[in-house]
file final.txt (compact mmCIF, C-alpha atoms)
# COMPACT_ATOMS: atom_id res chain seq x y z
CA MET A 147 2.18 -151.32 81.63
CA ALA A 148 2.51 -148.38 84.01
CA PRO A 149 0.88 -148.27 87.45
CA THR A 150 -2.82 -147.62 87.13
CA ASN A 151 -5.86 -146.82 89.22
CA ASP A 152 -7.86 -149.22 87.06
CA VAL A 153 -8.52 -152.57 88.69
CA PRO A 154 -7.00 -155.52 86.79
CA ALA A 155 -9.50 -158.06 85.55
CA SER A 156 -10.28 -161.08 87.69
CA VAL A 157 -8.12 -164.14 87.27
CA PHE A 158 -11.05 -165.87 85.58
CA ARG A 159 -11.54 -163.10 83.03
CA ARG A 160 -7.86 -163.01 82.21
CA GLU A 161 -7.73 -166.78 81.71
CA LEU A 162 -10.93 -166.69 79.62
CA GLY A 163 -9.50 -164.00 77.36
CA GLY A 164 -6.32 -165.97 76.92
CA ARG A 165 -8.18 -169.18 76.08
CA LEU A 166 -10.32 -167.42 73.47
CA LYS A 167 -7.30 -165.72 71.93
CA ASP A 168 -5.46 -169.08 71.73
CA LEU A 169 -8.45 -170.64 69.95
CA ARG A 170 -8.58 -167.80 67.43
CA THR A 171 -4.83 -168.02 66.78
CA GLU A 172 -5.11 -171.77 66.27
CA SER A 173 -8.06 -171.30 63.90
CA GLY A 174 -6.10 -168.86 61.73
CA LEU A 175 -9.00 -166.40 61.77
CA THR A 176 -8.69 -162.66 62.30
CA LEU A 177 -10.80 -160.74 64.77
CA VAL A 178 -12.75 -159.24 61.88
CA GLU A 179 -13.51 -162.69 60.46
CA VAL A 180 -14.61 -164.04 63.84
CA GLY A 181 -16.76 -160.96 64.36
CA ARG A 182 -18.59 -161.64 61.12
CA LEU A 183 -19.26 -165.25 62.13
CA VAL A 184 -20.90 -164.24 65.43
CA ASP A 185 -22.25 -160.84 64.33
CA VAL A 186 -20.21 -158.90 66.90
CA HIS A 187 -17.86 -155.97 66.25
CA HIS A 188 -14.21 -157.02 66.22
CA GLY A 189 -13.33 -154.26 68.71
CA HIS A 190 -15.71 -155.82 71.22
CA LEU A 191 -14.07 -159.22 70.74
CA SER A 192 -10.61 -157.67 71.14
CA ARG A 193 -11.57 -156.20 74.51
CA ILE A 194 -12.81 -159.63 75.64
CA GLU A 195 -9.58 -161.31 74.55
CA HIS A 196 -7.55 -158.69 76.44
CA ALA A 197 -9.78 -159.07 79.54
CA LYS A 198 -10.89 -155.45 79.29
CA ARG A 199 -14.58 -156.28 79.59
CA ALA A 200 -16.88 -159.02 80.82
CA THR A 201 -18.84 -161.16 78.39
CA THR A 202 -21.92 -163.36 78.39
CA GLU A 203 -22.32 -167.10 78.29
CA LYS A 204 -24.40 -166.74 75.11
CA LEU A 205 -21.68 -164.89 73.21
CA VAL A 206 -18.99 -167.37 74.26
CA GLN A 207 -21.23 -170.26 73.21
CA ASN A 208 -21.60 -168.62 69.78
CA LEU A 209 -17.83 -168.25 69.50
CA LEU A 210 -17.24 -171.89 70.35
CA ASP A 211 -20.01 -173.18 68.07
CA LYS A 212 -19.59 -170.89 65.03
CA ALA A 213 -15.92 -169.86 65.01
CA TYR A 214 -14.07 -172.75 66.62
CA PRO A 215 -16.31 -175.86 66.39
CA ASP A 216 -13.49 -178.16 65.26
CA LEU A 217 -11.07 -177.02 67.97
CA VAL A 218 -13.19 -177.37 71.09
CA THR A 219 -13.69 -180.67 72.91
CA ALA A 220 -16.59 -181.23 75.29
CA ASP A 221 -14.25 -180.81 78.29
CA THR A 222 -12.73 -177.61 76.91
CA ARG A 223 -16.19 -176.19 76.30
CA LEU A 224 -17.21 -176.81 79.91
CA GLN A 225 -13.98 -175.28 81.23
CA ILE A 226 -14.39 -172.12 79.18
CA LEU A 227 -18.05 -171.65 80.10
CA ASP A 228 -17.14 -172.20 83.77
CA LEU A 229 -14.68 -169.31 83.45
CA VAL A 230 -17.47 -167.05 82.18
CA ARG A 231 -19.69 -167.93 85.16
CA ALA A 232 -16.85 -167.61 87.66
CA ASP A 233 -15.95 -164.15 86.38
CA LEU A 234 -19.53 -162.98 86.80
CA VAL A 235 -19.53 -164.20 90.42
CA GLU A 236 -16.18 -162.55 91.16
CA GLU A 237 -17.38 -159.27 89.69
CA ASP A 238 -19.24 -158.38 92.88
CA PRO A 239 -18.28 -160.51 95.91
CA HIS A 240 -20.05 -158.17 98.36
CA PRO A 241 -23.14 -156.82 96.55
CA ARG A 242 -24.78 -155.48 99.73
CA HIS A 243 -21.89 -153.06 100.23
CA ARG A 244 -21.16 -152.23 96.60
CA ALA A 245 -21.50 -148.45 96.93
CA LEU A 246 -19.43 -148.27 100.10
CA LEU A 247 -16.64 -150.50 98.80
CA ASN A 248 -16.41 -148.58 95.54
CA SER A 249 -16.21 -145.29 97.41
CA THR A 250 -13.37 -146.62 99.58
CA GLN A 251 -11.64 -148.01 96.46
CA ILE A 252 -11.26 -151.50 97.87
CA GLY A 253 -13.98 -153.25 95.86
CA GLY A 254 -11.61 -154.07 93.02
CA TYR A 255 -8.98 -155.38 95.40
CA LEU A 256 -11.47 -157.77 97.01
CA ARG A 257 -12.34 -159.31 93.64
CA LEU A 258 -8.67 -160.08 93.07
CA GLU A 259 -8.04 -161.31 96.60
CA ARG A 260 -10.80 -163.91 96.33
CA SER A 261 -9.12 -165.61 93.36
CA ALA A 262 -5.51 -165.37 94.54
CA ARG A 263 -3.67 -168.57 95.48
CA LYS A 264 -1.08 -166.72 97.58
CA LEU A 265 -0.94 -163.34 99.31
CA LYS A 266 2.30 -161.68 100.38
CA ALA A 267 1.60 -158.74 102.67
CA TYR A 268 3.98 -156.19 104.14
CA GLU A 269 2.71 -153.78 106.79
CA LEU A 270 4.74 -150.90 108.12
CA ALA A 271 2.51 -149.26 110.71
CA LEU A 272 -0.37 -151.62 111.47
CA VAL A 273 -1.20 -155.29 111.84
CA THR A 274 -2.13 -156.79 108.46
CA GLY A 275 -5.88 -156.45 107.83
CA LEU A 276 -6.38 -160.19 107.36
CA LEU A 277 -4.95 -160.77 110.85
CA GLN A 278 -6.87 -158.06 112.71
CA THR A 279 -9.49 -158.60 115.38
CA ALA A 280 -12.85 -156.95 114.80
CA GLU A 281 -12.17 -154.41 117.55
CA TYR A 282 -8.74 -153.50 116.18
CA ALA A 283 -10.14 -153.24 112.65
CA GLU A 284 -12.95 -150.96 113.82
CA ALA A 285 -10.52 -148.65 115.62
CA VAL A 286 -8.24 -148.49 112.57
CA ILE A 287 -11.03 -147.81 110.06
CA ARG A 288 -12.69 -145.24 112.31
CA ALA A 289 -9.41 -143.35 112.75
CA MET A 290 -8.32 -143.51 109.12
CA ARG A 291 -11.75 -142.79 107.62
CA PRO A 292 -13.41 -140.13 109.82
CA ASP A 293 -15.77 -139.37 106.92
CA LEU A 294 -17.60 -142.69 107.35
CA THR A 295 -20.67 -143.18 109.52
CA ALA A 296 -20.69 -145.69 112.36
CA GLY A 297 -22.81 -148.00 110.22
CA GLU A 298 -20.37 -147.80 107.31
CA VAL A 299 -17.45 -148.57 109.61
CA ARG A 300 -19.29 -151.64 110.94
CA ALA A 301 -19.99 -152.76 107.38
CA LEU A 302 -16.32 -152.56 106.44
CA VAL A 303 -15.35 -154.45 109.59
CA GLY A 304 -17.87 -157.14 108.66
CA VAL A 305 -16.36 -157.48 105.18
CA ARG A 306 -12.89 -157.78 106.70
CA MET A 307 -14.04 -160.54 109.04
CA GLU A 308 -15.65 -162.40 106.11
CA ARG A 309 -12.34 -162.22 104.26
CA GLN A 310 -10.57 -163.74 107.24
CA LYS A 311 -13.03 -166.64 107.42
CA ARG A 312 -12.39 -167.38 103.77
CA LEU A 313 -8.63 -167.21 104.30
CA ILE A 314 -8.59 -169.82 107.04
CA GLY A 315 -11.31 -171.97 105.45
CA THR A 316 -11.04 -174.74 102.89
CA GLY A 317 -9.55 -173.52 99.63
CA GLY A 318 -8.35 -170.21 101.05
CA ALA A 319 -5.16 -168.53 99.88
CA ILE A 320 -1.78 -168.93 101.53
CA LEU A 321 -0.80 -165.79 103.45
CA ASP A 322 2.80 -164.75 104.09
CA ALA A 323 2.75 -161.63 106.27
CA VAL A 324 5.69 -159.45 107.28
CA ILE A 325 4.77 -157.00 110.04
CA ASP A 326 7.10 -154.28 111.25
CA GLU A 327 7.63 -154.54 115.00
CA ALA A 328 6.68 -150.86 115.23
CA ALA A 329 3.09 -151.89 114.44
CA LEU A 330 2.96 -153.91 117.66
CA ARG A 331 3.95 -150.84 119.65
CA ARG A 332 1.40 -148.51 118.04
CA PRO A 333 -1.53 -148.03 120.49
CA VAL A 334 -4.52 -148.35 118.17
CA GLY A 335 -6.83 -148.68 121.18
CA PRO A 336 -6.82 -149.37 124.94
CA PRO A 337 -4.49 -152.03 126.38
CA GLU A 338 -7.15 -154.76 126.41
CA LEU A 339 -7.85 -154.25 122.71
CA MET A 340 -4.14 -154.43 121.91
CA LYS A 341 -3.69 -157.50 124.09
CA CYS A 342 -6.44 -159.32 122.22
CA GLN A 343 -4.85 -158.32 118.92
CA MET A 344 -1.44 -159.68 119.97
CA GLU A 345 -3.06 -162.94 121.06
CA ARG A 346 -4.79 -163.10 117.69
CA LEU A 347 -1.40 -162.84 115.98
CA LEU A 348 -0.09 -165.76 118.02
CA ASP A 349 -3.15 -167.85 117.14
CA MET A 350 -2.94 -167.10 113.42
CA ALA A 351 0.79 -167.83 113.34
CA GLU A 352 -0.08 -171.45 114.15
CA HIS A 353 -2.47 -171.82 111.21
CA GLU A 354 -1.19 -174.10 108.46
CA THR A 355 -1.80 -171.61 105.63
CA VAL A 356 -0.57 -168.50 107.46
CA SER A 357 3.04 -167.45 108.10
CA VAL A 358 3.55 -164.38 110.26
CA ARG A 359 7.04 -162.86 110.40
CA LEU A 360 8.18 -159.93 112.51
CA LEU A 361 10.62 -157.33 111.18
CA PRO A 362 12.58 -156.16 114.25
CA LEU A 363 13.07 -152.51 115.09
CA GLU A 364 16.83 -152.95 115.02
CA THR A 365 16.64 -153.60 111.28
CA GLY A 366 17.05 -149.88 110.73
CA CYS A 367 16.35 -148.47 107.25
CA HIS A 368 14.99 -150.88 104.65
CA ALA A 369 12.99 -151.00 101.40
CA GLY A 370 9.71 -151.37 103.31
CA LEU A 371 9.93 -147.80 104.54
CA TYR A 372 8.42 -146.74 101.21
CA GLY A 373 5.12 -148.10 102.56
CA SER A 374 2.86 -151.11 102.89
CA PHE A 375 1.92 -153.29 99.92
CA MET A 376 0.22 -156.54 98.96
CA ILE A 377 1.38 -158.98 96.28
CA MET A 378 -1.30 -161.33 94.94
CA GLU A 379 -0.25 -164.47 93.07
CA PHE A 380 -2.66 -166.37 90.83
CA PRO A 381 -2.73 -169.75 89.11
CA VAL A 382 -0.55 -169.99 86.00
CA PRO A 383 -0.59 -168.37 83.46
CA ASN A 384 -2.09 -165.32 85.18
CA PRO A 385 0.48 -162.70 86.25
CA SER A 386 0.87 -161.48 89.80
CA VAL A 387 -0.63 -158.15 90.84
CA VAL A 388 0.70 -155.64 93.37
CA TRP A 389 -1.75 -153.45 95.26
CA VAL A 390 -0.66 -150.24 96.99
CA GLU A 391 -3.06 -148.02 98.89
CA ASN A 392 -2.62 -144.42 99.95
CA LEU A 393 -4.83 -141.63 101.24
CA ALA A 394 -6.11 -140.51 97.84
CA HIS A 395 -6.39 -143.72 95.84
CA SER A 396 -5.20 -147.28 95.23
CA MET A 397 -2.76 -148.34 92.53
CA TYR A 398 -2.34 -151.69 90.82
CA PHE A 399 0.72 -153.07 89.03
CA GLU A 400 0.53 -155.99 86.59
CA ASP A 401 3.55 -155.64 84.36
CA ARG A 402 6.44 -157.86 85.44
CA LYS A 403 8.93 -154.98 85.41
CA HIS A 404 6.80 -153.22 88.04
CA VAL A 405 5.87 -156.31 90.06
CA GLU A 406 9.38 -157.75 90.33
CA PRO A 407 10.84 -154.91 92.47
CA TYR A 408 8.07 -155.55 95.01
CA ASN A 409 8.84 -159.27 95.00
CA GLU A 410 12.50 -158.49 95.57
CA ALA A 411 11.63 -156.07 98.37
CA PHE A 412 9.34 -158.60 100.05
CA ASN A 413 11.93 -161.37 99.83
CA GLY A 414 14.56 -159.03 101.25
CA LEU A 415 12.30 -158.08 104.15
CA TRP A 416 11.41 -161.74 104.76
CA GLN A 417 15.10 -162.57 105.12
CA LYS A 418 15.52 -159.82 107.72
CA THR A 419 12.64 -161.05 109.90
CA LEU A 420 13.11 -162.76 113.24
CA PRO A 421 13.06 -166.55 113.54
CA PRO A 422 9.47 -167.66 114.39
CA ALA A 423 10.32 -168.60 118.00
CA GLU A 424 11.91 -165.21 118.69
CA ALA A 425 8.99 -163.40 117.05
CA VAL A 426 6.59 -165.25 119.37
CA SER A 427 8.73 -164.23 122.36
CA ARG A 428 8.57 -160.56 121.38
CA ILE A 429 4.81 -160.66 120.89
CA GLU A 430 4.43 -162.36 124.28
CA LYS A 431 6.62 -159.63 125.80
CA VAL A 432 4.27 -156.98 124.40
CA ILE A 433 1.30 -158.84 125.90
CA LYS A 434 2.98 -158.87 129.35
CA GLU A 435 3.70 -155.16 129.10
CA LEU A 436 0.03 -154.52 128.28
CA HIS A 437 -0.94 -156.26 131.54
CA GLN A 438 1.11 -153.82 133.58
call {"tool": "encode", "arguments": {"input": "final.txt", "output": "structure tokens"}}
result
Amino acid sequence: MAPTNDVPASVFRRELGGRLKDLRTESGLTLVEVGRLVDVHHGHLSRIEHAKRATTEKLVQNLLDKAYPDLVTADTRLQILDLVRADLVEEDPHPRHRALLNSTQIGGYLRLERSARKLKAYELALVTGLLQTAEYAEAVIRAMRPDLTAGEVRALVGVRMERQKRLIGTGGAILDAVIDEAALRRPVGPPELMKCQMERLLDMAEHETVSVRLLPLETGCHAGLYGSFMIMEFPVPNPSVVWVENLAHSMYFEDRKHVEPYNEAFNGLWQKTLPPAEAVSRIEKVIKELHQ
């Protein structure tokens, strides 16, 4: 599958589609035959199996009761129906800001991020969004999106802070973040703002589910110079997804042949990062310089 602007389905929808396809394969029925049993066009069922569209609890109940009654245990039935409900929840994690998030092309990313078990982030020019202070985030968004109103900027900052709370809360994803040292030297705002951001990095580096690594300036040229990216890993059997954002749009990669080069790049960058103690020393040095 080539890179696409289309947002991959949520982890729940992908697992649901796979479970339904497995049941149909085990039953020996074709899509056409199943469609006749539940009075639904086989093309519609195909899109559900391939996670191309959401479905309803009623339709899935009909599939389980009319097409696969001898293959579904009580526990399996509950698990599959839970996937339907979970997908509907994930479809719109921030309904109050739906229009704004869709216009900034991050709405789809947020749905994926919420269901990821691990996030691997590389940032070339800025501190990773999930590690930003509210003031730093506001300065970044305001500078990069001059078309937004002050209220829209505040809304996006609020969403970013909500994401951070979820990350460090119970059940949040593991975050491995590689930040280029150049990002620490980029004056996003006044010295006090930058000082608070550096202190935030030190605090987050001590969190049990967060690993912050610093790529030193002396690294020279490396694969990360192509730009920032995020790799999202999901529970098996769901494939990883890579998200890349640029000025015009966001792109998503699902196919292994496209995801693997990003994994290799991230692992290579991770190996070039400073030992944690030395990274802390460099961040502390930046903080001292900001006091001067």
call {"tool": "residues_around", "arguments": {"input": "final.txt", "residues": "A:Val178", "least_positions_apart": "6", "cutoff": "12 Å", "atoms": "all atoms listed in the file", "output": "ChimeraX atom specification"}}
result
/A:170,184-192,213
call {"tool": "atom_distance", "arguments": {"input": "final.txt", "atom1": "atom CA of A:Asp216", "atom2": "atom CA of A:Phe158"}}
result
23.9 Å
call {"tool": "closest_atom_pairs", "arguments": {"input": "final.txt", "of": "stretch 175-288 of chain A", "to": "stretch 405-415 of chain A", "cutoff": "9 Å", "atoms": "only C-alpha atoms", "output": "JSON lines"}}
result
{"residue": "A:Lys266", "atom": "CA", "partner": "A:Phe412", "partner_atom": "CA", "distance": 7.7}
{"residue": "A:Ala267", "atom": "CA", "partner": "A:Phe412", "partner_atom": "CA", "distance": 8.2}
{"residue": "A:Tyr268", "atom": "CA", "partner": "A:Phe412", "partner_atom": "CA", "distance": 7.2}
call {"tool": "residues_near_point", "arguments": {"input": "final.txt", "point": "(-0.3, -159.2, 119.6)", "cutoff": "9 Å", "atoms": "only C-alpha atoms", "output": "JSON, numbers by chain"}}
result
{"A": [273, 330, 340, 341, 342, 343, 344, 345, 346, 347, 348, 429, 430, 432, 433]}
call {"tool": "residues_around", "arguments": {"input": "final.txt", "residues": "stretch 421-424 of chain A", "least_positions_apart": "5", "cutoff": "10 Å", "atoms": "only C-alpha atoms", "output": "PyMOL selection string"}}
result
chain A and resi 351+357-361+429-430
call {"tool": "closest_residue", "arguments": {"input": "final.txt", "among": "A:Pro292, A:Glu354, A:Pro336, A:Thr274", "to": "A:Arg306", "atoms": "all atoms listed in the file"}}
result
A:Thr274
call {"tool": "closest_residue", "arguments": {"input": "final.txt", "among": "A:Ala220, A:Glu352, A:Glu284, A:Gly164", "to": "A:Val426", "atoms": "all atoms listed in the file"}}
result
A:Glu352
call {"tool": "residues_around", "arguments": {"input": "final.txt", "residues": "A:Glu203", "least_positions_apart": "3", "cutoff": "12 Å", "atoms": "all atoms listed in the file", "output": "PyMOL selection string"}}
result
chain A and resi 162+200+206-210+223-224+226-234
call {"tool": "closest_residue", "arguments": {"input": "final.txt", "among": "A:Glu435, A:Glu400, A:Asp221, A:Asp326", "to": "A:Ser374", "atoms": "only C-alpha atoms"}}
result
A:Asp326
call {"tool": "atom_distance", "arguments": {"input": "final.txt", "atom1": "atom CA of A:Val180", "atom2": "atom CA of A:Thr219"}}
result
19.0 Å
call {"tool": "atom_distance", "arguments": {"input": "final.txt", "atom1": "atom CA of A:Gln225", "atom2": "atom CA of A:Lys212"}}
result
17.7 Å
call {"tool": "closest_residue", "arguments": {"input": "final.txt", "among": "A:Leu302, A:Val356, A:Ala271, A:Met376", "to": "A:Ile325", "atoms": "only C-alpha atoms"}}
result
A:Ala271
call {"tool": "residues_around", "arguments": {"input": "final.txt", "residues": "A:Ala280", "least_positions_apart": "5", "cutoff": "12 Å", "atoms": "only C-alpha atoms", "output": "short mmCIF file (atom, residue, chain, number, x, y, z; two decimals) with C-alpha atoms, in the frame of the given file"}}
result
data_model
loop_
_atom_site.label_atom_id
_atom_site.label_comp_id
_atom_site.auth_asym_id
_atom_site.auth_seq_id
_atom_site.Cartn_x
_atom_site.Cartn_y
_atom_site.Cartn_z
CA GLY A 275 -5.88 -156.45 107.83
CA ALA A 285 -10.52 -148.65 115.62
CA VAL A 286 -8.24 -148.49 112.57
CA ILE A 287 -11.03 -147.81 110.06
CA ARG A 288 -12.69 -145.24 112.31
CA VAL A 299 -17.45 -148.57 109.61
CA ARG A 300 -19.29 -151.64 110.94
CA ALA A 301 -19.99 -152.76 107.38
CA LEU A 302 -16.32 -152.56 106.44
CA VAL A 303 -15.35 -154.45 109.59
CA GLY A 304 -17.87 -157.14 108.66
CA VAL A 305 -16.36 -157.48 105.18
CA ARG A 306 -12.89 -157.78 106.70
CA MET A 307 -14.04 -160.54 109.04
CA GLU A 308 -15.65 -162.40 106.11
CA ARG A 309 -12.34 -162.22 104.26
CA GLN A 310 -10.57 -163.74 107.24
CA LEU A 339 -7.85 -154.25 122.71
CA MET A 340 -4.14 -154.43 121.91
CA CYS A 342 -6.44 -159.32 122.22
CA GLN A 343 -4.85 -158.32 118.92
CA ARG A 346 -4.79 -163.10 117.69
#
call {"tool": "closest_residue", "arguments": {"input": "final.txt", "among": "A:Gly370, A:Gly297, A:Pro383, A:Gly335", "to": "A:Leu270", "atoms": "all atoms listed in the file"}}
result
A:Gly370
call {"tool": "residues_around", "arguments": {"input": "final.txt", "residues": "A:Lys167", "least_positions_apart": "4", "cutoff": "8 Å", "atoms": "all atoms listed in the file", "output": "number ranges by chain"}}
result
A: 163, 171, 195
call {"tool": "closest_residue", "arguments": {"input": "final.txt", "among": "A:Asp293, A:Glu281, A:Glu269, A:Glu298", "to": "A:Ala329", "atoms": "all atoms listed in the file"}}
result
A:Glu269
